[in-house]
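Next comes query-v2.cif, with mmCIF, C-alpha atoms and all ligand atoms.
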```
data_protein
loop_
_atom_site.label_atom_id
_atom_site.label_comp_id
_atom_site.auth_asym_id
_atom_site.auth_seq_id
_atom_site.Cartn_x
_atom_site.Cartn_y
_atom_site.Cartn_z
CA MET V 1 92.59 144.59 34.30
CA PRO V 2 88.97 145.25 35.22
CA PRO V 3 88.16 147.49 38.19
CA ARG V 4 88.39 145.92 41.64
CA ARG V 5 87.28 146.50 45.17
CA THR V 6 89.88 147.89 47.55
CA ARG V 7 88.18 146.65 50.68
CA LYS V 8 85.77 143.97 51.82
CA LEU V 9 82.07 144.64 51.57
CA GLU V 10 80.70 145.78 54.94
CA GLN V 11 77.05 144.94 54.30
CA PRO V 12 77.04 142.47 51.40
CA ILE V 13 73.85 141.90 49.48
CA THR V 14 73.13 140.19 46.17
CA ILE V 15 71.79 141.80 43.02
CA THR V 16 71.59 140.29 39.54
CA LEU V 17 73.16 141.52 36.30
CA ASP V 18 71.56 139.94 33.22
CA GLY V 19 70.37 137.09 35.44
CA LYS V 20 73.73 136.41 37.13
CA SER V 21 74.36 137.10 40.81
CA VAL V 22 76.63 139.99 41.75
CA GLU V 23 77.70 140.87 45.29
CA ALA V 24 77.13 144.48 46.23
CA GLU V 25 77.44 146.85 49.15
CA ALA V 26 74.01 147.68 50.53
CA GLY V 27 73.25 151.35 49.91
CA ALA V 28 76.07 151.96 47.38
CA SER V 29 74.76 152.90 43.95
CA LEU V 30 74.01 150.08 41.53
CA ALA V 31 76.60 151.49 39.11
CA THR V 32 79.28 151.49 41.82
CA ALA V 33 78.34 147.94 42.79
CA LEU V 34 78.65 146.73 39.20
CA VAL V 35 81.93 148.53 38.52
CA GLY V 36 83.28 147.15 41.81
CA ALA V 37 82.40 143.68 40.57
CA GLY V 38 84.46 144.30 37.43
CA HIS V 39 81.70 145.37 35.01
CA LEU V 40 82.42 148.59 33.18
CA ALA V 41 80.33 148.32 30.01
CA LEU V 42 76.96 149.00 31.61
CA ALA V 43 75.14 150.87 28.85
CA ARG V 44 74.94 151.16 25.08
CA SER V 45 74.83 154.11 22.73
CA SER V 46 71.44 154.66 21.16
CA LYS V 47 72.43 154.43 17.49
CA PHE V 48 75.13 151.76 17.13
CA HIS V 49 74.71 150.17 20.56
CA ARG V 50 78.36 150.73 21.35
CA PRO V 51 79.41 149.87 24.92
CA ARG V 52 79.37 152.79 27.30
CA GLY V 53 80.56 153.01 30.88
CA PRO V 54 79.90 155.40 33.75
CA HIS V 55 81.65 158.71 33.15
CA CYS V 56 80.32 161.01 35.87
CA LEU V 57 78.50 158.96 38.55
CA ARG V 58 76.21 161.89 39.27
CA GLY V 59 73.43 161.90 36.74
CA GLY V 60 75.10 163.88 33.96
CA CYS V 61 75.86 161.36 31.19
CA ASP V 62 74.25 158.25 29.70
CA GLY V 63 76.97 155.78 30.62
CA CYS V 64 75.03 153.98 33.32
CA LEU V 65 71.53 153.71 31.79
CA MET V 66 70.16 150.22 32.48
CA ARG V 67 66.92 148.39 32.97
CA VAL V 68 66.22 148.00 36.70
CA ASP V 69 63.42 145.74 37.96
CA GLY V 70 61.73 145.98 34.56
CA VAL V 71 61.99 149.78 34.25
CA PRO V 72 64.08 151.03 31.30
CA ASN V 73 66.66 153.82 31.19
CA VAL V 74 67.36 154.08 34.90
CA MET V 75 70.49 156.05 35.82
CA THR V 76 72.03 153.37 37.98
CA CYS V 77 74.56 155.77 39.51
CA GLY V 78 71.65 157.39 41.39
CA VAL V 79 69.91 154.25 42.62
CA PRO V 80 71.02 152.46 45.80
CA ALA V 81 71.63 148.72 45.58
CA THR V 82 69.00 146.71 47.41
CA GLN V 83 68.80 142.98 47.98
CA GLY V 84 67.50 141.17 44.88
CA ALA V 85 67.53 144.21 42.55
CA ARG V 86 67.30 142.96 38.97
CA VAL V 87 69.62 144.91 36.64
CA GLU V 88 69.84 144.29 32.90
CA ARG V 89 71.82 145.83 30.09
CA GLN V 90 69.71 147.34 27.30
CA ASN V 91 70.10 147.49 23.53
CA VAL V 92 72.69 144.74 23.54
CA VAL V 93 73.31 142.99 20.25
CA GLY V 94 75.12 139.77 21.16
CA VAL V 95 76.78 139.57 24.58
CA GLY V 96 76.93 142.27 27.25
CA ASP V 97 80.69 142.88 27.26
CA VAL V 98 81.27 142.43 23.51
CA ASP V 99 80.70 145.10 20.87
CA VAL V 100 79.28 143.04 18.01
CA MET V 101 78.11 146.12 16.10
CA ARG V 102 81.72 147.26 15.73
CA ALA V 103 81.87 144.87 12.78
CA THR V 104 80.06 147.58 10.80
CA ASP V 105 83.24 149.70 11.01
CA TRP V 106 84.99 147.27 8.67
CA PHE V 107 82.44 148.02 5.96
CA PHE V 108 81.58 151.65 6.71
CA LYS V 109 84.80 153.46 7.58
CA LYS V 110 83.04 156.80 8.05
CA GLY V 111 80.07 155.41 9.97
CA ILE V 112 76.61 154.57 8.75
CA ASN V 113 74.14 157.23 7.66
CA HIS V 114 71.05 155.10 8.02
CA HIS V 115 68.83 157.90 6.74
CA GLU V 116 70.24 157.41 3.27
CA LEU V 117 71.88 153.99 3.25
CA LEU V 118 70.46 151.90 0.41
CA THR V 119 67.27 153.96 0.36
CA GLY V 120 65.73 153.99 -3.07
CA VAL V 121 66.72 150.37 -3.73
CA PRO V 122 63.43 148.45 -3.91
CA GLY V 123 63.25 145.55 -1.46
CA ILE V 124 66.54 146.35 0.27
CA GLN V 125 65.16 149.70 1.42
CA LYS V 126 62.41 147.90 3.34
CA VAL V 127 64.90 145.59 5.02
CA MET V 128 67.20 148.49 5.95
CA ILE V 129 64.37 150.55 7.41
CA SER V 130 63.17 147.65 9.50
CA PHE V 131 66.76 147.00 10.70
CA ALA V 132 67.30 150.68 11.55
CA ARG V 133 64.05 150.74 13.49
CA ARG V 134 65.02 147.64 15.40
CA VAL V 135 68.39 148.93 16.53
CA SER V 136 67.64 152.60 17.13
CA GLY V 137 66.38 154.10 20.37
CA LEU V 138 67.03 153.18 23.96
CA GLY V 139 65.50 150.32 25.89
CA GLU V 140 62.06 148.78 25.77
CA LEU V 141 58.85 149.71 27.50
CA PRO V 142 58.49 148.77 31.19
CA ASP V 143 57.33 145.25 32.08
CA GLU V 144 54.32 146.74 33.85
CA THR V 145 52.53 150.06 33.79
CA LEU V 146 54.24 152.28 36.33
CA PRO V 147 52.05 153.49 39.18
CA PRO V 148 51.18 157.19 39.13
CA ARG V 149 53.53 159.38 41.16
CA ALA V 150 52.41 160.09 44.70
CA SER V 151 50.35 163.24 45.07
CA VAL V 152 51.97 166.61 45.42
CA GLU V 153 52.60 168.03 48.87
CA THR V 154 53.27 171.78 49.19
CA ARG V 155 55.97 173.35 51.37
CA THR V 156 56.43 177.04 52.02
CA VAL V 157 59.89 178.29 53.00
CA ASP V 158 61.84 181.51 52.88
CA VAL V 159 64.63 180.14 50.68
CA LEU V 160 65.01 177.05 48.51
CA VAL V 161 68.66 176.15 47.91
CA VAL V 162 69.30 173.74 45.04
CA GLY V 163 72.48 171.72 45.57
CA ALA V 164 74.13 170.51 48.77
CA GLY V 165 77.72 170.85 47.59
CA PRO V 166 80.11 173.22 49.33
CA ALA V 167 78.47 176.30 47.76
CA GLY V 168 74.91 175.24 48.65
CA LEU V 169 75.86 174.21 52.18
CA ALA V 170 77.70 177.47 52.79
CA ALA V 171 74.72 179.43 51.48
CA ALA V 172 72.34 177.42 53.66
CA ARG V 173 74.44 178.13 56.74
CA SER V 174 74.68 181.87 56.02
CA LEU V 175 70.97 182.18 55.27
CA ALA V 176 69.69 180.04 58.14
CA SER V 177 71.87 181.92 60.61
CA ARG V 178 69.96 185.05 59.51
CA LYS V 179 66.77 183.44 60.82
CA LEU V 180 65.39 182.46 57.42
CA SER V 181 63.74 179.07 56.92
CA VAL V 182 65.96 177.26 54.42
CA LEU V 183 65.31 174.02 52.53
CA VAL V 184 68.26 172.47 50.67
CA VAL V 185 67.50 169.83 48.05
CA ASP V 186 70.12 167.60 46.45
CA GLU V 187 69.88 164.57 44.20
CA GLN V 188 72.70 162.66 45.92
CA PRO V 189 72.06 160.36 48.89
CA GLU V 190 74.41 162.36 51.11
CA PRO V 191 75.36 166.04 51.15
CA GLY V 192 78.74 167.30 50.00
CA GLY V 193 78.51 167.51 46.20
CA SER V 194 81.98 167.34 44.68
CA LEU V 195 83.58 167.00 48.11
CA LEU V 196 82.31 163.42 47.87
CA SER V 197 84.55 163.02 44.84
CA PHE V 198 87.71 162.87 46.91
CA PRO V 199 88.99 159.66 48.45
CA ARG V 200 88.15 159.64 52.16
CA ASP V 201 91.53 160.63 53.58
CA ALA V 202 92.40 163.08 50.79
CA THR V 203 93.83 166.51 51.35
CA ALA V 204 93.56 169.11 48.61
CA PRO V 205 94.04 172.82 48.04
CA LEU V 206 90.43 173.97 47.98
CA GLY V 207 90.71 177.66 47.46
CA GLY V 208 94.22 178.56 46.54
CA GLY V 209 95.65 178.05 50.04
CA ALA V 210 97.46 175.11 51.59
CA PRO V 211 95.96 171.62 51.17
CA ILE V 212 93.30 170.80 53.75
CA ALA V 213 91.61 167.56 54.74
CA VAL V 214 88.51 167.22 52.55
CA GLU V 215 86.24 164.91 54.52
CA PRO V 216 86.43 166.92 57.78
CA LEU V 217 85.59 170.03 55.75
CA ARG V 218 82.57 168.29 54.23
CA ARG V 219 81.32 167.15 57.62
CA TRP V 220 81.90 170.63 59.08
CA LEU V 221 79.87 172.28 56.30
CA VAL V 222 77.01 169.84 56.81
CA ASP V 223 77.06 170.23 60.60
CA GLU V 224 77.18 174.02 60.38
CA ALA V 225 74.24 174.17 57.96
CA LEU V 226 72.19 171.87 60.19
CA ALA V 227 73.18 173.70 63.38
CA ALA V 228 72.10 176.99 61.83
CA GLY V 229 68.66 175.46 61.24
CA ALA V 230 68.71 174.56 57.52
CA GLU V 231 66.84 171.44 56.42
CA LEU V 232 68.68 169.08 54.05
CA LEU V 233 66.62 166.89 51.75
CA PRO V 234 68.71 164.19 49.98
CA ARG V 235 67.69 162.24 46.86
CA ALA V 236 65.54 165.18 45.82
CA VAL V 237 65.58 166.27 42.17
CA VAL V 238 64.16 169.59 41.00
CA TRP V 239 62.13 168.86 37.89
CA GLY V 240 61.25 172.41 36.97
CA VAL V 241 59.55 175.69 37.66
CA LEU V 242 55.76 175.79 37.77
CA GLU V 243 53.27 178.60 37.37
CA GLY V 244 53.44 180.99 40.31
CA PHE V 245 57.23 180.36 40.44
CA ASP V 246 56.75 177.29 42.64
CA TRP V 247 59.45 174.66 42.07
CA LEU V 248 58.60 170.99 41.62
CA VAL V 249 60.82 168.52 43.46
CA GLU V 250 60.70 164.73 43.34
CA ILE V 251 61.95 162.95 46.44
CA GLU V 252 63.00 159.45 45.48
CA GLY V 253 60.67 156.84 46.87
CA LYS V 254 58.44 159.43 48.53
CA GLY V 255 56.74 161.50 45.86
CA LEU V 256 56.45 165.04 44.65
CA LEU V 257 56.90 168.25 46.55
CA ARG V 258 55.79 171.66 45.37
CA VAL V 259 58.02 174.25 47.02
CA ASN V 260 56.82 177.79 47.42
CA ALA V 261 59.86 179.88 48.36
CA ARG V 262 60.27 183.65 48.72
CA ALA V 263 63.74 183.40 47.14
CA HIS V 264 65.94 180.79 45.48
CA VAL V 265 69.64 180.01 45.41
CA ILE V 266 70.93 177.74 42.66
CA ALA V 267 74.17 175.98 43.60
CA ALA V 268 73.83 173.11 41.16
CA GLY V 269 77.55 172.75 40.43
CA ALA V 270 78.94 171.73 37.07
CA HIS V 271 78.96 168.87 34.60
CA ASP V 272 82.12 166.85 34.14
CA ALA V 273 83.91 167.61 30.92
CA SER V 274 84.22 165.01 28.21
CA PRO V 275 87.14 166.38 26.19
CA ALA V 276 87.23 165.81 22.44
CA PHE V 277 89.71 163.07 21.56
CA ALA V 278 89.14 159.81 19.71
CA GLY V 279 88.01 157.05 22.04
CA ASN V 280 86.72 159.38 24.77
CA GLU V 281 83.57 157.25 25.02
CA ILE V 282 85.24 153.89 25.70
CA PRO V 283 84.23 152.35 29.04
CA GLY V 284 87.03 153.12 31.50
CA VAL V 285 87.43 156.73 30.34
CA ILE V 286 86.02 158.46 33.37
CA SER V 287 86.03 161.86 35.07
CA ALA V 288 88.43 162.35 37.98
CA ARG V 289 85.48 163.26 40.21
CA ALA V 290 83.83 159.94 39.41
CA ALA V 291 87.04 157.95 39.84
CA GLY V 292 87.60 159.64 43.20
CA ARG V 293 84.03 158.90 44.19
CA LEU V 294 84.56 155.23 43.32
CA LEU V 295 87.71 155.08 45.43
CA ARG V 296 85.85 156.70 48.30
CA ASP V 297 83.34 153.84 47.97
CA GLY V 298 86.12 151.24 47.87
CA VAL V 299 86.45 150.65 44.10
CA LEU V 300 89.63 151.18 42.05
CA ILE V 301 88.88 151.91 38.39
CA GLY V 302 92.06 150.27 37.01
CA GLU V 303 95.54 148.98 37.78
CA ASP V 304 97.28 150.98 35.07
CA VAL V 305 95.75 154.41 35.14
CA LEU V 306 96.50 157.32 32.85
CA VAL V 307 95.58 160.51 34.72
CA VAL V 308 94.81 163.43 32.41
CA GLY V 309 94.95 167.01 33.72
CA GLU V 310 96.26 168.52 36.91
CA GLY V 311 93.25 169.71 38.89
CA PRO V 312 92.63 168.87 42.55
CA PHE V 313 90.50 165.83 41.70
CA ALA V 314 93.20 164.30 39.49
CA THR V 315 95.92 164.96 42.05
CA ALA V 316 93.95 163.49 44.95
CA PHE V 317 92.88 160.46 42.89
CA ALA V 318 96.43 159.77 41.63
CA ALA V 319 97.85 159.79 45.16
CA ALA V 320 95.12 157.53 46.56
CA ALA V 321 95.22 155.11 43.59
CA ALA V 322 99.01 154.76 43.91
CA LYS V 323 98.53 153.98 47.61
CA GLU V 324 96.17 151.17 46.57
CA GLY V 325 98.90 149.71 44.35
CA ALA V 326 97.85 151.12 40.95
CA ARG V 327 100.49 152.21 38.44
CA VAL V 328 99.70 155.83 37.67
CA SER V 329 101.08 157.92 34.84
CA ALA V 330 100.08 161.49 34.11
CA VAL V 331 99.73 163.62 31.01
CA ALA V 332 98.37 167.07 30.17
CA LEU V 333 94.93 167.23 28.58
CA ALA V 334 96.29 168.72 25.36
CA ASP V 335 98.67 165.79 24.93
CA VAL V 336 96.04 163.05 24.68
CA VAL V 337 95.69 162.01 21.05
CA GLU V 338 93.53 158.90 21.24
CA VAL V 339 92.35 156.19 23.61
CA HIS V 340 92.16 152.68 22.15
CA GLY V 341 89.88 149.79 23.07
CA MET V 342 86.42 148.43 22.43
CA SER V 343 84.53 147.48 25.55
CA ALA V 344 87.42 148.58 27.77
CA VAL V 345 90.51 150.79 27.57
CA LYS V 346 93.56 148.97 26.19
CA GLU V 347 96.08 151.77 25.63
CA ALA V 348 96.35 155.44 24.75
CA THR V 349 98.34 157.49 22.28
CA VAL V 350 99.86 160.61 23.83
CA ARG V 351 102.17 163.35 22.59
CA THR V 352 105.62 163.48 24.19
CA PRO V 353 107.34 166.77 25.15
CA LEU V 354 109.31 166.43 21.90
CA GLY V 355 106.10 166.34 19.90
CA ARG V 356 106.25 162.63 19.01
CA GLU V 357 103.31 160.30 19.43
CA GLN V 358 103.77 157.39 21.76
CA LYS V 359 101.58 154.52 22.96
CA VAL V 360 101.00 154.15 26.69
CA ASP V 361 99.62 150.97 28.28
CA CYS V 362 96.62 151.71 30.47
CA ASP V 363 93.32 150.16 31.48
CA ALA V 364 91.63 153.38 32.61
CA VAL V 365 91.85 157.06 31.70
CA VAL V 366 90.91 159.51 34.44
CA ILE V 367 90.21 163.05 33.29
CA ASP V 368 90.25 166.27 35.29
CA ALA V 369 89.29 168.91 32.74
CA PRO V 370 87.46 172.21 33.31
CA PRO V 371 83.77 171.31 33.78
CA SER V 372 80.82 173.18 32.34
CA PRO V 373 78.28 174.88 34.63
CA SER V 374 74.94 173.13 35.25
CA PHE V 375 73.05 176.16 33.99
CA GLU V 376 69.85 174.41 32.86
CA LEU V 377 67.67 175.03 35.92
CA ALA V 378 68.71 178.69 36.06
CA ALA V 379 67.73 179.02 32.40
CA GLU V 380 64.34 177.47 33.06
CA ALA V 381 63.81 179.84 35.99
CA GLY V 382 64.31 182.75 33.61
CA ALA V 383 67.95 183.72 34.22
CA GLU V 384 69.84 185.42 31.44
CA ILE V 385 72.41 182.94 30.15
CA ARG V 386 75.83 184.00 28.96
CA HIS V 387 78.58 182.06 27.25
CA ASP V 388 82.32 182.25 27.83
CA ASP V 389 85.30 179.90 28.09
CA ALA V 390 83.66 178.06 31.00
CA GLY V 391 80.53 177.35 28.92
CA TYR V 392 76.97 178.54 29.52
CA SER V 393 76.12 180.02 32.91
CA PRO V 394 73.57 182.40 34.44
CA ARG V 395 74.65 186.03 34.42
CA VAL V 396 74.97 187.20 38.03
CA GLY V 397 75.84 190.56 39.61
CA GLU V 398 78.53 191.29 42.20
CA ASP V 399 76.26 190.05 44.97
CA GLY V 400 75.40 186.76 43.24
CA ARG V 401 71.90 187.85 42.22
CA VAL V 402 70.80 186.71 38.80
CA VAL V 403 70.72 189.67 36.46
CA ARG V 404 67.32 189.64 34.88
CA SER V 405 64.49 192.11 35.20
CA GLY V 406 60.97 190.80 35.65
CA LEU V 407 61.78 187.66 37.65
CA PRO V 408 58.88 187.14 40.03
CA ARG V 409 61.14 186.43 43.04
CA PRO V 410 64.80 187.00 43.94
CA LEU V 411 67.03 184.40 42.31
CA PHE V 412 70.70 183.92 43.20
CA ALA V 413 73.41 181.58 41.91
CA LEU V 414 76.58 180.52 43.64
CA GLY V 415 79.59 178.29 43.04
CA GLU V 416 80.53 176.35 39.93
CA VAL V 417 77.12 176.93 38.33
CA THR V 418 78.22 180.54 37.76
CA GLY V 419 81.37 179.44 35.93
CA ALA V 420 83.59 179.86 39.00
CA ALA V 421 86.38 177.32 39.59
CA PHE V 422 85.84 174.69 42.30
CA ALA V 423 87.06 176.55 45.41
CA PRO V 424 85.01 175.72 48.52
CA GLU V 425 86.92 178.19 50.72
CA ARG V 426 85.96 181.03 48.39
CA PHE V 427 82.37 179.78 48.10
CA ALA V 428 82.01 180.30 51.86
CA GLU V 429 82.99 183.98 51.58
CA ARG V 430 80.71 184.41 48.61
CA ALA V 431 77.83 182.77 50.48
CA GLU V 432 77.97 185.56 53.06
CA GLN V 433 77.59 188.18 50.30
CA VAL V 434 74.73 186.26 48.75
CA ALA V 435 72.97 185.91 52.10
CA ALA V 436 73.28 189.64 52.86
CA ALA V 437 71.97 190.57 49.39
CA LEU V 438 69.15 188.05 49.59
CA VAL V 439 67.99 189.38 52.98
CA ALA V 440 68.09 192.93 51.57
CA ALA V 441 66.07 191.83 48.54
CA LEU V 442 63.43 190.19 50.73
CA SER V 443 63.16 193.15 53.07
CA GLY V 444 62.82 195.45 50.04
CA GLU V 445 59.81 193.40 48.99
CA ASN V 446 58.01 193.72 52.32
S1 LIG M 501 74.72 159.53 34.67
FE1 LIG M 501 75.37 157.80 35.77
S2 LIG M 501 77.45 157.71 35.29
FE2 LIG M 501 76.88 159.54 34.34
#
```
Any chance you could put this one into structure tokens?
Amino acid sequence: MPPRRTRKLEQPITITLDGKSVEAEAGASLATALVGAGHLALARSSKFHRPRGPHCLRGGCDGCLMRVDGVPNVMTCGVPATQGARVERQNVVGVGDVDVMRATDWFFKKGINHHELLTGVPGIQKVMISFARRVSGLGELPDETLPPRASVETRTVDVLVVGAGPAGLAAARSLASRKLSVLVVDEQPEPGGSLLSFPRDATAPLGGGAPIAVEPLRRWLVDEALAAGAELLPRAVVWGVLEGFDWLVEIEGKGLLRVNARAHVIAAGAHDASPAFAGNEIPGVISARAAGRLLRDGVLIGEDVLVVGEGPFATAFAAAAAKEGARVSAVALADVVEVHGMSAVKEATVRTPLGREQKVDCDAVVIDAPPSPSFELAAEAGAEIRHDDAGYSPRVGEDGRVVRSGLPRPLFALGEVTGAAFAPERFAERAEQVAAALVAALSGEN
């Protein structure tokens, strides 16, 4: 069964998908609106144009890239639905929900190497090259030349915090309560980071203790940061670090901001894992954080859901999905052998406790696997990057300060970006240490 809405739209608007009308909730992301209307195959892979669906719903994969109002390669999970928005699939050969290119698998069992296929055969080589050029790449140029980005405004603050998840919010509260001016930027429309990935009435163990209600915690963190005097800037993406160690931020729909801060805290969280098993790219294979986020927004990813892994996101999603009437089965990550389907999940092969392989009916696979830290911005800022079981992350000292000599200004990292497990209660304690060390670093500079 395709995904479905679990509640009526509160503020219905109409958008179009490939020219056909689709009802959407005003303000929800375009990707959420389309999934809620039963469309999972939103994007295509760049080489074979295979159907892809949203995997993360927070700007970390390519499963939601579409053409929006004539602009190619828009991450539709980050764009709010507005009345009349024109959304089109890109790189489709044939029909949107059908994978015509899969026919090549019958002829090329090991995939096509188009760099060598039939090259050297006069005549045919020319045809193959022209075909490869036609089907490779992503999207087509915009309908119109895009206007230049609005001019850069400059802001000066004591501390720039990147990420308004539980770690960033806790840091903002601790820093602002020490009388520092704090600007928090986050790419999502509302603050909370991964706390937004729990269904609204979920409770979860968020630091090793007893389960607590997630949404009240999120609201408390936001209120505390604001009450302490921090400024929260939503829909704001940090593009990079400029000369003079100023950081360039784009605020969606408003323009560019050059932020000059005396110190920085990176709390950028982590990327959802995409574990290695056959079929992990089929639309309907989705991270537990994204599936929980969909449920929060009133969309159930499937009626027969295979939940993979046992983390807090999987547990909270499974409970909420069952409440909505879904059939939920669970399996350990190591026991998934393969997911089957073309444009949607049809079934999965899993290993039983006795070591046998068995087919399980399912229309969605929800994965809660250890994520990998979003280390990229820290690397660009000059942090030393280490690698361990959690993936790449900035090397930080006991106090959360990035270990690297020669950085022009104090740089700290906190939360999942450092490779720590998702544990908001512990992030709050850690934020106090970071704030104390950051104040000491700034006073040492004066
Ligand atoms: S980037 Fe939009 S779903 Fe992953």
Mind working out the centre and edge lengths of an axis-aligned box for ligand LIG 501 (chain M), all listed atoms inside, 3 Å added to each side, rounded to one decimal in Å and written as AutoDock Vina command-line options?
```
--center_x 76.1 --center_y 158.6 --center_z 35.1 --size_x 8.7 --size_y 7.8 --size_z 7.4
```
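Residues surrounding Arg395 (chain V) within 8 Å are Ala383, Glu384, Ile385, Arg386, Val402, Val403 and Thr418 of chain V [only C-alpha atoms; sequence separation below 6 positions excluded].
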Given 10 Å and only C-alpha atoms and all ligand atoms, residues near ligand LIG 501 (chain M) as a ChimeraX atom specification: /V:29-32,42-43,52-66,74-79,271-272,286-287,290
How many Å lie between CA of Gly419 (chain V) and CA of Ser177 (chain V), rounded to one decimal?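 Going from CA of Gly419 (chain V) over to CA of Ser177 (chain V) covers 26.6 Å.
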Nearest residue to Asp246 (chain V) from the set V:Leu160, V:Val127, V:Leu196, V:Ala85 (distances using all atoms listed in the file):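 Of the candidates, the smallest distance to Asp246 (chain V) is held by V:Leu160.
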